[in-house]
Amino acid sequence: QVQLVESGGGVVRPGGSLELSCTASGPASSRYYMSWYRHSLSKERELVARATDVGTTEYVESVKGRFTISRDNTKGTVYLHMNSLRPEDTAVYYCNVESRYGSPYWGKGTLVIVST
């Protein structure tokens with residue numbers, strides 16, 4: 001059984017920064033993909049960023065150049081560093097891990113609010 005523990009959400013002003021982290025238990029094979037999704041009132045859940053075990057990354061267009069995903073495979077941890085935050089980044093952010101062959105696991109979510 002894989003368990004995910006997220007941290008790092010909060011309230012920040014537009015233009016500010018936050019870093020989210022998520023640590024996954026279980027075997028390394030269960031977390032080939034480590035990703036962050038978000039869900040807001042105005043948008044359905046979307047993939048924000050994904051990092052594979054071999055170092056490839058992908059981002060949704062709206063966060064390119066502002067967000068950076070990274071992972072520490074020795075700790076089973078994935079990070080999302082968010083810069084230049086905008087009100088439209090306000091959402092619940094969910095950590096997701098998945099093996100190469102499926103079997104996704106989800107965190108409980110952490111709330112990010114970007115507001116004056």
# chains A, B, ... in the order shown; residues from 1 in each chain; ligands from 1
>>> residues_around(residues="Met34 (chain A)", least_positions_apart="5", cutoff="9 Å", atoms="only C-alpha atoms", output="list in words")
Ala49, Arg50, Ala51, Thr52, Asp53, Arg71, Thr77, Val78, Cys95, Asn96, Val97, Glu98 and Ser99 of chain A
>>> closest_atom_pairs(of="region 74-102 of chain A", to="region 39-48 of chain A", cutoff="12 Å", atoms="only C-alpha atoms", output="CSV")
residue,atom,partner,partner_atom,distance
A:Leu80,CA,A:Val48,CA,9.4
A:His81,CA,A:Val48,CA,11.6
A:Met82,CA,A:Val48,CA,10.8
A:Pro87,CA,A:Ser40,CA,11.2
A:Glu88,CA,A:Ser40,CA,8.9
A:Asp89,CA,A:Ser40,CA,8.5
A:Thr90,CA,A:Ser40,CA,6.8
A:Ala91,CA,A:Ser40,CA,4.5
A:Val92,CA,A:His39,CA,5.4
A:Tyr93,CA,A:His39,CA,6.6
A:Tyr94,CA,A:His39,CA,8.1
A:Cys95,CA,A:Leu47,CA,10.0
A:Asn96,CA,A:Leu47,CA,9.7
>>> write_last_selection(atoms="N, CA and C atoms", output="compact mmCIF listing (two decimals), in the first residue's frame")
# COMPACT_ATOMS: atom_id res chain seq x y z
N LEU A 80 7.11 20.69 -5.83
CA LEU A 80 6.64 21.62 -6.85
C LEU A 80 6.96 23.01 -6.35
N HIS A 81 7.92 23.63 -6.98
CA HIS A 81 8.27 24.99 -6.61
C HIS A 81 7.52 25.93 -7.53
N MET A 82 6.74 26.81 -6.92
CA MET A 82 5.86 27.68 -7.69
C MET A 82 6.27 29.13 -7.50
N PRO A 87 -3.63 34.64 -9.23
CA PRO A 87 -4.90 34.22 -8.63
C PRO A 87 -5.49 32.97 -9.28
N GLU A 88 -5.28 32.81 -10.56
CA GLU A 88 -5.82 31.63 -11.24
C GLU A 88 -5.09 30.34 -10.89
N ASP A 89 -4.00 30.43 -10.13
CA ASP A 89 -3.34 29.23 -9.63
C ASP A 89 -4.01 28.71 -8.35
N THR A 90 -4.95 29.46 -7.83
CA THR A 90 -5.67 29.03 -6.63
C THR A 90 -6.39 27.72 -6.90
N ALA A 91 -6.12 26.72 -6.08
CA ALA A 91 -6.70 25.40 -6.29
C ALA A 91 -6.28 24.47 -5.15
N VAL A 92 -6.89 23.32 -5.12
CA VAL A 92 -6.37 22.23 -4.29
C VAL A 92 -5.39 21.45 -5.16
N TYR A 93 -4.19 21.28 -4.66
CA TYR A 93 -3.14 20.58 -5.39
C TYR A 93 -3.01 19.17 -4.83
N TYR A 94 -3.01 18.21 -5.73
CA TYR A 94 -2.94 16.80 -5.36
C TYR A 94 -1.67 16.16 -5.89
N CYS A 95 -1.03 15.44 -5.03
CA CYS A 95 0.11 14.63 -5.43
C CYS A 95 -0.39 13.30 -5.98
N ASN A 96 0.28 12.82 -6.99
CA ASN A 96 -0.08 11.54 -7.62
C ASN A 96 1.19 10.77 -7.93
>>> residues_around(residues="Glu19 (chain A)", least_positions_apart="2", cutoff="9 Å", atoms="only C-alpha atoms", output="list in words")
Ser7, Gly8, Gly9, Ser17, Ser21, Tyr79, Leu80, His81, Met82 and Asn83 of chain A
>>> closest_residue(among="A:Cys22, A:Thr74, A:Val2, A:Val12", to="Thr116 (chain A)", atoms="only C-alpha atoms")
A:Val12
>>> atom_distance(atom1="CA of Lys64 (chain A)", atom2="CA of Arg86 (chain A)")
12.9 Å
